[in-house]
Amino acid sequence: MFTTTPDINSERLLKDLNRLAQIGAGADRAIHRIAGNDADMAARDWIDKTMRVSGLHSYYDAVDNVFSRRLDTSGPWLLIGSHSDTVPAAGHLDGAYGVVAAMEVLRTLHEHDHPIADHVETVAWFDEEGVMEGSKGGLTGSTAFTRDPHADDLFAYIELHVEQGPRMERDGLDLAPVTGIVGVRRYDVAVRGQANHAGTTPFELRQDAGRVAARVATELRRICQDIDPASVGNAGVISFDPAAANVVPGAARVELEVRAGTDQALDRIEQSLSDFLLLAADEEECAAELNRTSAKPAAVFDKRVYGVVEEVCRERTDRCEPLLSYAGHDASVISTRLPTAMLFVPSTGGFSHSNREHTSDEHLILGTQALLDAVIRTGETLLPGLLTKHLTTV
Ligand SMILES: [Zn+2]
């Protein structure tokens, strides 16, 4: 490393997290900043004002994403941030942590007049969660940004987030560089057999649609584990028609969801699922169809930016392992436009989308410092000429 690394102001970080947590807080400190509601817009206003008071340039784009950077800079910029909207009755860290940490990193670099400070921009994305009325599944601000010409002025995106699951705590990790975000596919399985008397019809003469559906629902886990041990699957809805204890089901439906780190793994799971369904249907003398009802592609993060993030995490702690994100993030859509990576800090008890969301102060501070390290190192790696020029002219 050829530039010095300033320490973040950890007191200010924790104070700002508390301040943002008060905006939209109801009973039991649960937060209601649904995208576009008064509290969400007040939070954006607070972010905007806080950055202005620190002597930075801050502005809203056409879809209410809030950006901040140094005055009179011409880029290119490295974008850091997350979303400031929440689900109903949310915790205080999902999204908000990444936004406040990004604000802290830029202000620290600005105050130390670090050469990378001219090349950092922060963002608070609009409607990541998708619970706003009329939202098309969330990621609204980041998706709009992928079509914004301003994206051409940026050279990478890094998002810090709480894990929102139990894996890091279980494995005793302090930090996790994130390799990518799972792709998600949903399926509707439709099985058609023959309704019949459940007493007088011998097993071997039944066309039991319910049995086919149940076999697919239970087989899903084995299929996922055989193909990709890091994948997960769920049979969340099952229904029989007729639905009566003394009638062999004549028709059945199951809704399945599969998540995996690559589209290739998702393809193979889908094929295996389809093969098993046809086999089971054949054995039960039924007809069956596997219909894919939705598909979100997996995001595999940029090798260079991910490499920088992993390197700085390992320099800060030995308790650090790469992790795949099983939840969606703005980083997944931004990765289609910019070299992107993420890092996680642990979630106490694995709780998220709940007022039980918690991360220790120690981990909140460590994650923010690692984000600052990653910003400097990414600048040195992706823009070496730019920073050297600064250093020699300063
Ligand atoms: Zn989030």
# chains A, B, ... in the order shown; residues from 1 in each chain; ligands from 1

$ select_by_dssp --residues "region 322-375 of chain A" --states "strand (DSSP E)" --output "number ranges by chain"
A: 323-325, 340-345

$ closest_atom_pairs --of "region 125-211 of chain A" --to "region 368-385 of chain A" --cutoff "9 Å" --atoms "only C-alpha atoms" --output "tab-separated table"
residue	atom	partner	partner_atom	distance
A:Phe155	CA	A:Leu382	CA	7.8
A:Ala156	CA	A:Thr378	CA	8.2
A:Ile158	CA	A:Leu371	CA	7.9
A:Glu159	CA	A:Leu371	CA	8.3
A:Leu160	CA	A:Leu371	CA	6.9
A:Leu175	CA	A:Ala370	CA	8.6

$ residues_near_ligand --ligand "ligand 1" --cutoff "6 Å" --atoms "only C-alpha atoms and all ligand atoms" --output "PDB file with N, CA, C and O atoms, in the first residue's frame"
ATOM      1  N   ASP A  94     -30.386  -3.188   8.514  1.00  0.00           N
ATOM      2  CA  ASP A  94     -30.547  -3.641   7.127  1.00  0.00           C
ATOM      3  C   ASP A  94     -30.565  -2.418   6.210  1.00  0.00           C
ATOM      4  O   ASP A  94     -31.498  -1.624   6.257  1.00  0.00           O
ATOM      5  N   GLY A  95     -29.535  -2.270   5.400  1.00  0.00           N
ATOM      6  CA  GLY A  95     -29.438  -1.119   4.499  1.00  0.00           C
ATOM      7  C   GLY A  95     -28.838   0.088   5.189  1.00  0.00           C
ATOM      8  O   GLY A  95     -27.823   0.622   4.757  1.00  0.00           O
ATOM      9  N   HIS A 329     -29.745  -8.029  -2.918  1.00  0.00           N
ATOM     10  CA  HIS A 329     -29.193  -6.717  -2.556  1.00  0.00           C
ATOM     11  C   HIS A 329     -29.110  -5.855  -3.806  1.00  0.00           C
ATOM     12  O   HIS A 329     -29.041  -6.372  -4.916  1.00  0.00           O
TER      13      HIS A 329
END

$ residues_around --residues "region 97-114 of chain A" --least-positions-apart "6" --cutoff "6 Å" --atoms "only C-alpha atoms" --output "VMD selection string"
chain A and resid 8 80 to 82 122 124 160 to 161 368 372

$ write_last_selection --atoms "all heavy atoms" --output "short mmCIF file (atom, residue, chain, number, x, y, z; two decimals), in the first residue's frame"
data_model
loop_
_atom_site.label_atom_id
_atom_site.label_comp_id
_atom_site.auth_asym_id
_atom_site.auth_seq_id
_atom_site.Cartn_x
_atom_site.Cartn_y
_atom_site.Cartn_z
N ILE A 8 -11.42 5.44 10.86
CA ILE A 8 -12.75 6.05 10.85
C ILE A 8 -13.05 6.63 12.23
O ILE A 8 -12.41 6.26 13.22
CB ILE A 8 -13.85 5.03 10.47
CG1 ILE A 8 -13.86 3.86 11.47
CG2 ILE A 8 -13.68 4.54 9.05
CD1 ILE A 8 -15.22 3.28 11.69
N ILE A 80 -20.03 3.84 -3.10
CA ILE A 80 -20.25 2.99 -1.91
C ILE A 80 -21.59 3.38 -1.29
O ILE A 80 -22.00 4.53 -1.37
CB ILE A 80 -19.11 3.14 -0.86
CG1 ILE A 80 -18.86 4.61 -0.51
CG2 ILE A 80 -17.84 2.47 -1.34
CD1 ILE A 80 -17.85 4.82 0.63
N GLY A 81 -22.27 2.42 -0.68
CA GLY A 81 -23.54 2.73 -0.03
C GLY A 81 -24.43 1.52 0.06
O GLY A 81 -23.98 0.37 -0.10
N SER A 82 -25.72 1.78 0.29
CA SER A 82 -26.72 0.72 0.41
C SER A 82 -28.09 1.42 0.36
O SER A 82 -28.17 2.55 -0.14
CB SER A 82 -26.51 -0.05 1.72
OG SER A 82 -27.31 -1.21 1.76
N THR A 122 -21.02 8.49 -2.37
CA THR A 122 -21.88 7.63 -1.55
C THR A 122 -23.29 7.64 -2.11
O THR A 122 -23.70 8.58 -2.79
CB THR A 122 -21.95 8.11 -0.08
OG1 THR A 122 -22.53 9.41 -0.05
CG2 THR A 122 -20.57 8.14 0.55
N ALA A 124 -27.57 6.40 -1.16
CA ALA A 124 -28.65 5.76 -0.40
C ALA A 124 -29.72 5.41 -1.43
O ALA A 124 -30.44 6.28 -1.92
CB ALA A 124 -29.19 6.71 0.66
N LEU A 160 -21.43 -2.53 1.84
CA LEU A 160 -21.27 -3.18 3.15
C LEU A 160 -22.67 -3.42 3.71
O LEU A 160 -23.53 -2.54 3.63
CB LEU A 160 -20.48 -2.24 4.07
CG LEU A 160 -20.40 -2.57 5.56
CD1 LEU A 160 -19.68 -3.89 5.80
CD2 LEU A 160 -19.68 -1.44 6.31
N HIS A 161 -22.91 -4.61 4.28
CA HIS A 161 -24.26 -4.96 4.74
C HIS A 161 -24.15 -5.90 5.93
O HIS A 161 -23.14 -6.58 6.08
CB HIS A 161 -25.01 -5.65 3.58
CG HIS A 161 -26.50 -5.49 3.63
ND1 HIS A 161 -27.29 -6.22 4.48
CD2 HIS A 161 -27.34 -4.69 2.93
CE1 HIS A 161 -28.56 -5.87 4.29
NE2 HIS A 161 -28.62 -4.94 3.36
N THR A 368 -16.84 -1.06 8.94
CA THR A 368 -16.70 0.26 8.32
C THR A 368 -15.23 0.56 8.01
O THR A 368 -14.90 1.10 6.95
CB THR A 368 -17.30 1.34 9.25
OG1 THR A 368 -18.63 0.95 9.58
CG2 THR A 368 -17.31 2.70 8.59
N LEU A 372 -13.44 1.23 4.37
CA LEU A 372 -12.49 2.31 4.04
C LEU A 372 -11.22 1.72 3.42
O LEU A 372 -10.73 2.21 2.39
CB LEU A 372 -12.16 3.12 5.30
CG LEU A 372 -11.20 4.31 5.07
CD1 LEU A 372 -11.61 5.51 5.91
CD2 LEU A 372 -9.75 3.94 5.36
#

$ closest_residue --among "A:Asn9, A:Gln207, A:Thr336, A:Gln225" --to "Ala288 (chain A)" --atoms "only C-alpha atoms"
A:Gln207

$ closest_residue --among "A:Asp228, A:Asp48, A:Glu169, A:Asp188" --to "Gln264 (chain A)" --atoms "only C-alpha atoms"
A:Asp228
